[in-house]
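Printed here is entry03.pdb (PDB, C-alpha atoms and all ligand atoms):
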```pdb
ATOM      1  CA  HIS X 266     123.941 153.423 106.262
ATOM      2  CA  SER X 267     125.012 153.173 109.858
ATOM      3  CA  LYS X 268     128.179 151.473 110.942
ATOM      4  CA  ILE X 269     127.680 147.918 112.199
ATOM      5  CA  THR X 270     129.383 147.406 115.534
ATOM      6  CA  GLY X 271     131.392 144.286 116.299
ATOM      7  CA  LYS X 272     128.686 143.241 118.736
ATOM      8  CA  GLY X 273     125.962 143.757 116.164
ATOM      9  CA  ARG X 274     127.759 141.562 113.708
ATOM     10  CA  VAL X 275     128.104 138.750 116.260
ATOM     11  CA  THR X 276     124.394 138.970 117.057
ATOM     12  CA  GLN X 277     123.436 138.831 113.386
ATOM     13  CA  TYR X 278     125.746 135.879 112.912
ATOM     14  CA  ASP X 279     124.215 134.052 115.901
ATOM     15  CA  ALA X 280     120.729 134.680 114.585
ATOM     16  CA  ALA X 281     121.667 133.296 111.181
ATOM     17  CA  LEU X 282     123.269 130.232 112.764
ATOM     18  CA  ASN X 283     120.204 129.630 114.906
ATOM     19  CA  SER X 284     117.875 129.769 111.968
ATOM     20  CA  VAL X 285     120.044 127.331 109.981
ATOM     21  CA  ARG X 286     120.070 125.013 112.987
ATOM     22  CA  GLU X 287     116.296 125.328 113.371
ATOM     23  CA  GLN X 288     115.772 124.519 109.713
ATOM     24  CA  GLN X 289     118.015 121.482 110.022
ATOM     25  CA  LEU X 290     116.095 120.251 113.062
ATOM     26  CA  ALA X 291     112.828 120.658 111.197
ATOM     27  CA  ILE X 292     114.163 118.631 108.261
ATOM     28  CA  GLU X 293     115.573 116.013 110.644
ATOM     29  CA  ASN X 294     112.096 115.562 112.091
ATOM     30  CA  GLU X 295     110.631 115.373 108.609
ATOM     31  CA  ILE X 296     113.126 112.685 107.621
ATOM     32  CA  ARG X 297     112.335 110.721 110.781
ATOM     33  CA  SER X 298     108.591 110.778 110.212
ATOM     34  CA  GLY X 299     109.104 110.213 106.471
ATOM     35  CA  MET X 300     110.939 107.005 107.331
ATOM     36  CA  GLU X 301     108.173 105.911 109.684
ATOM     37  CA  ARG X 302     105.622 106.540 106.950
ATOM     38  CA  ASP X 303     107.673 104.666 104.358
ATOM     39  CA  GLU X 304     107.981 107.741 102.137
ATOM     40  CA  PHE X 305     111.463 106.984 100.830
ATOM     41  CA  GLU X 306     111.992 105.094  97.570
ATOM     42  CA  VAL X 307     114.999 103.671  95.820
ATOM     43  CA  TRP X 308     115.412 104.403  92.104
ATOM     44  CA  TYR X 309     118.073 103.076  89.779
ATOM     45  CA  GLN X 310     120.250 104.543  87.058
ATOM     46  CA  PRO X 311     121.669 102.251  84.363
ATOM     47  CA  ILE X 312     125.438 101.813  84.089
ATOM     48  CA  ILE X 313     126.390 100.895  80.527
ATOM     49  CA  ASP X 314     129.272  98.676  79.494
ATOM     50  CA  ALA X 315     131.355 100.726  77.041
ATOM     51  CA  ARG X 316     132.097  97.724  74.796
ATOM     52  CA  SER X 317     128.807  95.843  74.612
ATOM     53  CA  GLN X 318     126.772  99.059  74.997
ATOM     54  CA  LYS X 319     124.407  97.213  77.284
ATOM     55  CA  MET X 320     123.232  97.879  80.804
ATOM     56  CA  THR X 321     125.331  95.633  83.015
ATOM     57  CA  SER X 322     124.799  97.358  86.320
ATOM     58  CA  VAL X 323     122.680  99.973  88.103
ATOM     59  CA  GLU X 324     123.351 102.572  90.788
ATOM     60  CA  ALA X 325     120.777 102.800  93.576
ATOM     61  CA  LEU X 326     119.755 106.399  94.353
ATOM     62  CA  VAL X 327     117.435 107.313  97.205
ATOM     63  CA  ARG X 328     114.332 109.328  96.339
ATOM     64  CA  TRP X 329     111.879 111.227  98.505
ATOM     65  CA  PRO X 330     108.999 112.057  96.164
ATOM     66  CA  ARG X 331     107.415 114.492  98.608
ATOM     67  CA  ARG X 332     110.680 116.449  98.530
ATOM     68  CA  PRO X 333     111.758 116.430  94.868
ATOM     69  CA  ALA X 334     115.278 117.311  93.710
ATOM     70  CA  GLY X 335     115.867 121.030  93.378
ATOM     71  CA  GLU X 336     113.987 121.753  96.540
ATOM     72  CA  LEU X 337     115.756 119.275  98.794
ATOM     73  CA  GLY X 338     117.590 116.647  96.762
ATOM     74  CA  PRO X 339     119.486 113.626  98.099
ATOM     75  CA  ASP X 340     122.732 115.606  98.470
ATOM     76  CA  ALA X 341     120.974 117.942 100.919
ATOM     77  CA  PHE X 342     118.863 115.518 102.945
ATOM     78  CA  ILE X 343     121.611 112.866 103.076
ATOM     79  CA  SER X 344     123.951 115.368 104.723
ATOM     80  CA  ILE X 345     121.294 116.270 107.289
ATOM     81  CA  ALA X 346     120.631 112.561 107.872
ATOM     82  CA  GLU X 347     124.366 112.235 108.453
ATOM     83  CA  THR X 348     124.784 114.891 111.086
ATOM     84  CA  SER X 349     121.721 113.602 112.936
ATOM     85  CA  GLY X 350     122.599 109.888 112.833
ATOM     86  CA  LEU X 351     119.467 109.057 110.817
ATOM     87  CA  ILE X 352     121.741 107.910 107.986
ATOM     88  CA  TYR X 353     122.269 104.531 109.669
ATOM     89  CA  ALA X 354     118.606 103.580 109.334
ATOM     90  CA  LEU X 355     118.165 105.305 105.969
ATOM     91  CA  GLY X 356     121.330 103.748 104.533
ATOM     92  CA  GLN X 357     120.330 100.314 105.802
ATOM     93  CA  PHE X 358     116.896 100.757 104.206
ATOM     94  CA  VAL X 359     118.434 101.677 100.823
ATOM     95  CA  LEU X 360     120.816  98.717 100.875
ATOM     96  CA  ARG X 361     118.101  96.234 101.849
ATOM     97  CA  ARG X 362     115.535  97.542  99.364
ATOM     98  CA  ALA X 363     118.073  97.629  96.515
ATOM     99  CA  CYS X 364     119.231  94.061  97.171
ATOM    100  CA  GLN X 365     115.599  92.882  97.302
ATOM    101  CA  ASP X 366     114.705  94.714  94.078
ATOM    102  CA  LEU X 367     117.701  93.475  92.068
ATOM    103  CA  GLU X 368     117.944  89.932  93.432
ATOM    104  CA  PRO X 369     115.789  88.333  90.677
ATOM    105  CA  PHE X 370     117.788  89.904  87.828
ATOM    106  CA  SER X 371     121.005  87.926  87.803
ATOM    107  CA  ASP X 372     122.398  89.718  84.738
ATOM    108  CA  LEU X 373     122.553  93.028  86.634
ATOM    109  CA  LYS X 374     125.073  94.161  89.198
ATOM    110  CA  LEU X 375     124.183  96.703  91.864
ATOM    111  CA  SER X 376     126.127  99.690  93.168
ATOM    112  CA  VAL X 377     125.001 101.409  96.392
ATOM    113  CA  ASN X 378     126.237 104.714  97.852
ATOM    114  CA  ILE X 379     127.540 104.532 101.387
ATOM    115  CA  SER X 380     127.950 107.737 103.353
ATOM    116  CA  PRO X 381     131.080 108.332 105.456
ATOM    117  CA  ALA X 382     129.157 107.921 108.722
ATOM    118  CA  GLN X 383     127.914 104.471 107.728
ATOM    119  CA  PHE X 384     131.341 103.331 106.622
ATOM    120  CA  ARG X 385     132.800 104.609 109.917
ATOM    121  CA  ASP X 386     130.501 102.288 111.909
ATOM    122  CA  PRO X 387     132.692  99.390 113.129
ATOM    123  CA  GLU X 388     129.762  97.010 112.603
ATOM    124  CA  PHE X 389     129.191  98.179 109.031
ATOM    125  CA  GLU X 390     130.627  95.115 107.294
ATOM    126  CA  GLU X 391     128.576  92.830 109.557
ATOM    127  CA  LYS X 392     125.453  94.774 108.654
ATOM    128  CA  VAL X 393     126.222  94.364 104.969
ATOM    129  CA  ALA X 394     126.776  90.634 105.482
ATOM    130  CA  ARG X 395     123.406  90.363 107.221
ATOM    131  CA  VAL X 396     121.558  92.152 104.400
ATOM    132  CA  ILE X 397     123.215  89.897 101.832
ATOM    133  CA  GLU X 398     122.170  86.850 103.801
ATOM    134  CA  MET X 399     118.614  88.068 104.420
ATOM    135  CA  THR X 400     117.918  89.080 100.824
ATOM    136  CA  ARG X 401     119.944  86.205  99.267
ATOM    137  CA  PHE X 402     121.626  88.790  97.090
ATOM    138  CA  PRO X 403     124.962  87.404  95.824
ATOM    139  CA  ALA X 404     127.804  89.389  97.406
ATOM    140  CA  ASN X 405     129.732  89.344  94.139
ATOM    141  CA  ARG X 406     126.992  91.306  92.362
ATOM    142  CA  LEU X 407     127.216  94.092  94.931
ATOM    143  CA  GLN X 408     129.475  97.153  94.876
ATOM    144  CA  LEU X 409     129.599  99.870  97.526
ATOM    145  CA  GLU X 410     130.511 103.449  96.564
ATOM    146  CA  VAL X 411     132.502 105.536  99.028
ATOM    147  CA  THR X 412     134.013 108.997  98.755
ATOM    148  CA  GLU X 413     137.465 110.397  99.295
ATOM    149  CA  THR X 414     136.375 112.316 102.417
ATOM    150  CA  TYR X 415     135.966 109.101 104.284
ATOM    151  CA  VAL X 416     139.104 107.264 103.269
ATOM    152  CA  LEU X 417     141.297 110.263 104.001
ATOM    153  CA  GLU X 418     139.709 110.971 107.362
ATOM    154  CA  ASN X 419     140.365 107.508 108.782
ATOM    155  CA  PRO X 420     142.721 105.572 106.513
ATOM    156  CA  GLU X 421     143.266 102.666 108.904
ATOM    157  CA  ARG X 422     139.570 101.968 109.398
ATOM    158  CA  ALA X 423     138.995 102.428 105.660
ATOM    159  CA  ARG X 424     141.651  99.873 104.772
ATOM    160  CA  ALA X 425     140.154  97.378 107.207
ATOM    161  CA  ALA X 426     136.600  97.962 105.965
ATOM    162  CA  ILE X 427     137.632  97.628 102.327
ATOM    163  CA  SER X 428     139.453  94.371 102.956
ATOM    164  CA  ASN X 429     136.572  92.965 105.055
ATOM    165  CA  LEU X 430     134.088  93.818 102.300
ATOM    166  CA  LYS X 431     136.307  92.195  99.697
ATOM    167  CA  ALA X 432     136.476  89.092 101.858
ATOM    168  CA  LEU X 433     132.677  88.952 101.593
ATOM    169  CA  GLY X 434     133.015  89.132  97.809
ATOM    170  CA  THR X 435     131.692  92.698  97.555
ATOM    171  CA  ALA X 436     133.435  95.305  95.396
ATOM    172  CA  VAL X 437     134.295  98.840  96.525
ATOM    173  CA  ALA X 438     134.238 101.898  94.264
ATOM    174  CA  LEU X 439     135.685 105.348  94.803
ATOM    175  CA  ASP X 440     132.901 107.815  93.915
ATOM    176  CA  ASP X 441     133.211 111.417  92.673
ATOM    177  CA  PHE X 442     136.851 111.116  91.608
ATOM    178  CA  GLY X 443     138.164 114.445  90.359
ATOM    179  CA  THR X 444     136.315 116.631  92.854
ATOM    180  CA  GLY X 445     138.783 116.493  95.760
ATOM    181  CA  TYR X 446     142.499 115.819  96.067
ATOM    182  CA  SER X 447     142.311 112.882  93.656
ATOM    183  CA  SER X 448     145.823 111.812  94.535
ATOM    184  CA  ILE X 449     147.660 108.846  93.077
ATOM    185  CA  GLY X 450     149.109 108.209  96.541
ATOM    186  CA  TYR X 451     145.863 107.225  98.163
ATOM    187  CA  LEU X 452     144.678 105.305  95.118
ATOM    188  CA  ARG X 453     147.713 103.092  95.647
ATOM    189  CA  ARG X 454     147.008 102.645  99.344
ATOM    190  CA  PHE X 455     143.369 101.624  98.940
ATOM    191  CA  ASN X 456     142.374  98.622  97.010
ATOM    192  CA  PHE X 457     139.379  99.987  95.085
ATOM    193  CA  ASP X 458     137.865  97.869  92.330
ATOM    194  CA  THR X 459     136.452 100.858  90.478
ATOM    195  CA  ILE X 460     137.008 104.590  90.143
ATOM    196  CA  LYS X 461     133.975 106.693  89.242
ATOM    197  CA  ILE X 462     134.991 109.915  87.502
ATOM    198  CA  ASP X 463     132.708 112.719  88.621
ATOM    199  CA  LYS X 464     130.407 114.452  86.160
ATOM    200  CA  SER X 465     132.167 117.753  86.830
ATOM    201  CA  LEU X 466     135.152 116.291  84.957
ATOM    202  CA  ALA X 467     133.679 113.598  82.660
ATOM    203  CA  GLY X 468     130.881 115.941  81.587
ATOM    204  CA  LEU X 469     133.388 118.441  80.174
ATOM    205  CA  VAL X 470     135.233 116.195  77.721
ATOM    206  CA  ASP X 471     133.319 117.457  74.688
ATOM    207  CA  ASN X 472     134.450 121.057  74.992
ATOM    208  CA  ASP X 473     137.515 121.065  77.194
ATOM    209  CA  GLU X 474     140.656 119.348  75.929
ATOM    210  CA  GLN X 475     142.281 119.501  79.324
ATOM    211  CA  ALA X 476     139.361 117.625  80.909
ATOM    212  CA  ALA X 477     139.612 114.988  78.160
ATOM    213  CA  ALA X 478     143.334 114.585  78.825
ATOM    214  CA  LEU X 479     142.705 114.233  82.563
ATOM    215  CA  VAL X 480     140.130 111.497  81.924
ATOM    216  CA  SER X 481     142.587 109.595  79.685
ATOM    217  CA  GLY X 482     145.268 110.004  82.342
ATOM    218  CA  THR X 483     142.935 108.693  85.037
ATOM    219  CA  VAL X 484     142.120 105.659  82.871
ATOM    220  CA  ARG X 485     145.841 104.904  82.477
ATOM    221  CA  ILE X 486     146.510 105.279  86.201
ATOM    222  CA  ALA X 487     143.504 103.099  87.043
ATOM    223  CA  SER X 488     144.576 100.415  84.624
ATOM    224  CA  ALA X 489     148.087 100.396  86.093
ATOM    225  CA  LEU X 490     146.460  99.796  89.470
ATOM    226  CA  GLY X 491     144.045  97.151  88.186
ATOM    227  CA  MET X 492     140.980  99.312  88.710
ATOM    228  CA  ALA X 493     138.040  99.791  86.349
ATOM    229  CA  VAL X 494     136.776 103.263  85.396
ATOM    230  CA  VAL X 495     133.195 104.505  85.216
ATOM    231  CA  ALA X 496     132.451 107.932  83.718
ATOM    232  CA  GLU X 497     129.497 109.700  85.344
ATOM    233  CA  GLY X 498     127.314 112.452  83.950
ATOM    234  CA  VAL X 499     127.355 111.447  80.263
ATOM    235  CA  GLU X 500     124.776 113.789  78.756
ATOM    236  CA  ASN X 501     125.332 113.680  74.989
ATOM    237  CA  GLU X 502     126.565 111.499  72.161
ATOM    238  CA  LYS X 503     129.853 113.331  71.715
ATOM    239  CA  GLN X 504     130.752 112.856  75.388
ATOM    240  CA  MET X 505     129.823 109.185  75.139
ATOM    241  CA  LYS X 506     132.105 108.677  72.145
ATOM    242  CA  LEU X 507     135.023 110.582  73.659
ATOM    243  CA  LEU X 508     134.734 108.756  76.977
ATOM    244  CA  ARG X 509     134.702 105.404  75.178
ATOM    245  CA  LEU X 510     137.760 106.458  73.185
ATOM    246  CA  ALA X 511     139.493 107.529  76.391
ATOM    247  CA  GLY X 512     139.114 103.931  77.559
ATOM    248  CA  CYS X 513     136.413 104.202  80.222
ATOM    249  CA  ASP X 514     135.025 100.739  80.988
ATOM    250  CA  GLN X 515     131.531 101.859  81.860
ATOM    251  CA  LEU X 516     129.377 104.923  81.264
ATOM    252  CA  GLN X 517     126.527 106.446  83.218
ATOM    253  CA  GLY X 518     124.406 109.522  82.622
ATOM    254  CA  PHE X 519     121.228 111.119  81.340
ATOM    255  CA  TRP X 520     122.258 110.334  77.732
ATOM    256  CA  PHE X 521     121.464 106.693  78.505
ATOM    257  CA  SER X 522     118.818 107.118  81.151
ATOM    258  CA  GLN X 523     117.680 109.075  84.176
ATOM    259  CA  PRO X 524     117.325 107.175  87.448
ATOM    260  CA  MET X 525     114.023 105.259  87.393
ATOM    261  CA  PRO X 526     111.912 102.902  89.500
ATOM    262  CA  ILE X 527     112.830  99.208  89.309
ATOM    263  CA  GLU X 528     109.918  98.285  87.001
ATOM    264  CA  ALA X 529     111.097 100.770  84.350
ATOM    265  CA  ILE X 530     114.702  99.535  84.635
ATOM    266  CA  ILE X 531     113.616  95.970  84.011
ATOM    267  CA  GLU X 532     111.850  97.098  80.815
ATOM    268  CA  LEU X 533     114.943  98.973  79.647
ATOM    269  CA  ARG X 534     117.578  96.395  80.331
ATOM    270  CA  LYS X 535     117.562  94.693  76.927
ATOM    271  CA  VAL X 536     118.242  97.937  75.063
ATOM    272  CA  ARG X 537     121.541  98.239  73.248
ATOM    273  CA  TYR X 538     122.791 101.828  73.220
ATOM    274  CA  VAL X 539     124.438 102.465  69.860
TER     275      VAL X 539
HETATM  276  P1  LIG U 601     126.433 110.257  93.189
HETATM  277  O1  LIG U 601     126.560 109.001  93.964
HETATM  278  O2  LIG U 601     127.639 110.771  92.524
HETATM  279  O3  LIG U 601     125.257 109.963  92.146
HETATM  280  C1  LIG U 601     125.175 110.498  90.855
HETATM  281  C2  LIG U 601     124.276 111.713  90.828
HETATM  282  O4  LIG U 601     124.370 112.319  89.544
HETATM  283  C3  LIG U 601     122.789 111.383  91.020
HETATM  284  O5  LIG U 601     122.182 112.509  91.653
HETATM  285  C4  LIG U 601     122.301 111.265  89.574
HETATM  286  O6  LIG U 601     120.911 111.456  89.436
HETATM  287  C5  LIG U 601     123.097 112.380  88.936
HETATM  288  N1  LIG U 601     123.298 112.161  87.509
HETATM  289  C6  LIG U 601     123.383 111.009  86.829
HETATM  290  N2  LIG U 601     123.613 111.204  85.528
HETATM  291  C7  LIG U 601     123.677 112.541  85.350
HETATM  292  C8  LIG U 601     123.890 113.391  84.198
HETATM  293  O7  LIG U 601     124.081 112.931  83.074
HETATM  294  N3  LIG U 601     123.897 114.721  84.421
HETATM  295  C9  LIG U 601     123.686 115.260  85.657
HETATM  296  N4  LIG U 601     123.695 116.578  85.787
HETATM  297  N5  LIG U 601     123.489 114.500  86.770
HETATM  298  C10 LIG U 601     123.489 113.156  86.607
HETATM  299  P2  LIG U 601     121.205 112.357  92.895
HETATM  300  O8  LIG U 601     120.349 111.142  92.764
HETATM  301  O9  LIG U 601     120.542 113.681  93.098
HETATM  302  O10 LIG U 601     122.202 112.084  94.092
HETATM  303  C11 LIG U 601     123.152 113.034  94.500
HETATM  304  C12 LIG U 601     124.123 112.447  95.481
HETATM  305  O11 LIG U 601     123.450 112.112  96.686
HETATM  306  C13 LIG U 601     124.787 111.151  95.001
HETATM  307  O12 LIG U 601     125.853 111.440  94.131
HETATM  308  C14 LIG U 601     125.218 110.578  96.319
HETATM  309  O13 LIG U 601     126.398 111.167  96.769
HETATM  310  C15 LIG U 601     124.067 110.988  97.233
HETATM  311  N6  LIG U 601     123.124 109.857  97.333
HETATM  312  C16 LIG U 601     122.076 109.534  96.547
HETATM  313  N7  LIG U 601     121.453 108.416  96.995
HETATM  314  C17 LIG U 601     122.139 108.032  98.095
HETATM  315  C18 LIG U 601     121.993 106.937  99.031
HETATM  316  O14 LIG U 601     121.116 106.068  98.920
HETATM  317  N8  LIG U 601     122.891 106.901 100.079
HETATM  318  C19 LIG U 601     123.882 107.820 100.212
HETATM  319  N9  LIG U 601     124.727 107.711 101.254
HETATM  320  N10 LIG U 601     124.055 108.831  99.354
HETATM  321  C20 LIG U 601     123.198 108.941  98.303
HETATM  322 MG    MG U 602     127.461 107.282  93.564
HETATM  323 MG    MG U 603     129.406 110.261  91.849
HETATM  324 MG    MG U 604     128.204 112.582  95.042
END
```
Take the structure I supplied and represent it as structure tokens, if you would.
Amino acid sequence: HSKITGKGRVTQYDAALNSVREQQLAIENEIRSGMERDEFEVWYQPIIDARSQKMTSVEALVRWPRRPAGELGPDAFISIAETSGLIYALGQFVLRRACQDLEPFSDLKLSVNISPAQFRDPEFEEKVARVIEMTRFPANRLQLEVTETYVLENPERARAAISNLKALGTAVALDDFGTGYSSIGYLRRFNFDTIKIDKSLAGLVDNDEQAAALVSGTVRIASALGMAVVAEGVENEKQMKLLRLAGCDQLQGFWFSQPMPIEAIIELRKVRYV
């Protein structure tokens, strides 16, 4: 076929960019009106204590039933909410709803994902304090999950935010460990309570010896630093057993349960996973 000129390529590229931008704007508007219409829900996935084999905690995960995963899952709409600033309101909604839902169940802790933009907000800790006060949710049952992207982008602000949250009594977890740089250096500089090993690593332990060794190594590093370890993405019995053997403190994944509405979680919480 015919040779594409430099100019032609630029034009095609611009057109592609424009259509991506248009799609994003359309989704932004959908998120905005979805929030006004109260379309968002918060579901919960059990986190299982590796020793007692009981649910001791849950992770709050936002759901948009009109836009089910696969089509436009949380990973996708959260990142659009981030670039558009809608994440502040959406994140605040998730935190408030989760604290309200879990408040009556004093045997369960709660872990909530916080996106980099929220954590960057200098008033973030104050907002958390206000939600805790409003919902009467005990600060020491709450954990916030942050990712490496954020702490590396603004280490000074991250250190301050982490220490302010700890002063409230709230724990801080490093989410998705194993997907980025995963350096020992920054683990030492930030005072996380928990490291969550991503499913792309933890989910391989049953057929990849190297992945299993990396999980054991992470557990040893975490324990030297006084941090607990959660393995994410546990999908079968063999993985569960290997991750327990590797010394993970807590386990999370479809093997135990999918994320579910609060009512279903309350029904499940007495189960012992043997
Ligand atoms: P994440 O925080 O790492 O959450 C774990 C994700 O793994 C969830 O996907 C969960 O449904 C999925 N998962 C759990 N167990 C298994 C398993 O055994 N196998 C597999 N394949 N997947 C498993 P989900 O709910 O689609 O959320 C994706 C990401 O979107 C989350 O990753 C988090 O980064 C973000 N996210 C979700 N809810 C929120 C929220 O309320 N606020 C913010 N800022 N981000 C959120
Ligand atoms: Mg998470
Ligand atoms: Mg994760
Ligand atoms: Mg993630």
Handout entry: Selection: 8 Å around X:Thr400, all atoms listed in the file, excl. self and same-chain fewer than 4 positions, as a ChimeraX atom specification
Key = /X:361,364-365,368,396
Worksheet item: Do you have the atom CA of X:Glu301-atom CA of X:Leu351 distance handy?
Response: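 Taking atom CA of X:Glu301 and atom CA of X:Leu351, their separation equals 11.8 Å.
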Hits from the PyMOL selection byres (((chain X and resi 408-415) around 9) and not hetatm), listed as a VMD selection string: chain X and resid 374 to 382 384 to 385 404 to 407 416 to 420 423 430 435 to 442 445 to 447 458 to 459 461
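The interatomic distance for the pair atom CA of X:Met320 and atom CA of X:Glu398 works out to 25.5 Å.
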- Task: For X:Arg424, work out the shell of residues within 9 Å, counting all atoms listed in the file and skipping chain neighbours fewer than 6 positions away, then give it as a ChimeraX atom specification.
- Result: /X:416,454-456
Taken to one decimal, the atom N4 of ligand LIG 601 (chain U)-atom CA of X:Arg362 distance is 24.8 Å
Nearest to ligand MG 602 (chain U) among X:Glu304, X:Glu324, X:Glu474, X:Glu287, with distances taken over all atoms listed in the file: which residue is it?
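Going through X:Glu304, X:Glu324, X:Glu474, X:Glu287 one by one, the smallest distance to ligand MG 602 (chain U) is for X:Glu324.
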request  = Write out as a PyMOL selection string each polymer residue (protein, DNA or RNA) that has an atom no more than 8 Å from ligand LIG 601 (chain U), with all atoms listed in the file counted.
outcome  = chain X and resi 307+310+324-328+334+338-341+343+352+355-356+359-360+377-381+383+410+440-441+463-464+468+497-500+517-520+522-524
Can you tell me which residues surround X:Ile449 at a distance of at most 10 Å, considering all atoms listed in the file, apart from same-chain residues fewer than 2 positions away, and format the answer as a PyMOL selection string? chain X and resi 446-447+451-454+483+486-487+490
Care to translate the PyMOL selection byres (((chain X and resi 299) around 12) and not hetatm) into actual residues of this file, as a ChimeraX atom specification? /X:292-298,300-306,328-332,342,346,351,354-355
The selected residues should be written to file as an mmCIF file, in the frame of the given file (atoms: C-alpha atoms).
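Result saved to part.cif:
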```cif
data_model
loop_
_atom_site.group_PDB
_atom_site.id
_atom_site.type_symbol
_atom_site.label_atom_id
_atom_site.label_comp_id
_atom_site.auth_asym_id
_atom_site.auth_seq_id
_atom_site.Cartn_x
_atom_site.Cartn_y
_atom_site.Cartn_z
ATOM 1 C CA ILE X 292 114.163 118.631 108.261
ATOM 2 C CA GLU X 293 115.573 116.013 110.644
ATOM 3 C CA ASN X 294 112.096 115.562 112.091
ATOM 4 C CA GLU X 295 110.631 115.373 108.609
ATOM 5 C CA ILE X 296 113.126 112.685 107.621
ATOM 6 C CA ARG X 297 112.335 110.721 110.781
ATOM 7 C CA SER X 298 108.591 110.778 110.212
ATOM 8 C CA MET X 300 110.939 107.005 107.331
ATOM 9 C CA GLU X 301 108.173 105.911 109.684
ATOM 10 C CA ARG X 302 105.622 106.540 106.950
ATOM 11 C CA ASP X 303 107.673 104.666 104.358
ATOM 12 C CA GLU X 304 107.981 107.741 102.137
ATOM 13 C CA PHE X 305 111.463 106.984 100.830
ATOM 14 C CA GLU X 306 111.992 105.094 97.570
ATOM 15 C CA ARG X 328 114.332 109.328 96.339
ATOM 16 C CA TRP X 329 111.879 111.227 98.505
ATOM 17 C CA PRO X 330 108.999 112.057 96.164
ATOM 18 C CA ARG X 331 107.415 114.492 98.608
ATOM 19 C CA ARG X 332 110.680 116.449 98.530
ATOM 20 C CA PHE X 342 118.863 115.518 102.945
ATOM 21 C CA ALA X 346 120.631 112.561 107.872
ATOM 22 C CA LEU X 351 119.467 109.057 110.817
ATOM 23 C CA ALA X 354 118.606 103.580 109.334
ATOM 24 C CA LEU X 355 118.165 105.305 105.969
#
```
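Closest to ligand MG 604 (chain U) among X:Asn429, X:Ser448, X:Ser344, X:Ser481 is X:Ser344, based on all atoms listed in the file.
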Hey, which of X:Ala425, X:Lys431, X:Arg286, X:Val323 ends up closest to X:Trp308? Count only C-alpha atoms.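 Looking only at the distances to X:Trp308, the closest residue turns out to be X:Val323.
Taking all atoms listed in the file into account, X:Ile460 lies nearest to X:Gly491 out of the set X:Gly491, X:Arg422, X:Pro526, X:Gln318.
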Which residue is closest to ligand MG 604 (chain U)? Choose from X:Cys513, X:Met525, X:Ile462, X:Val484 and count all atoms listed in the file.
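The shortest atom-to-atom distance to ligand MG 604 (chain U) comes from X:Ile462.
Distances to ligand MG 603 (chain U) were evaluated for X:Ala496, X:Ala394, X:Leu433, X:Leu507 using all atoms listed in the file, and the minimum falls at X:Ala496.
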- the PyMOL selection byres (((chain X and resi 534) around 12) and not hetatm) applied to the shown file, residues as number ranges by chain: X: 309-314, 318-323, 370-374, 521-522, 525, 527-533, 535-538
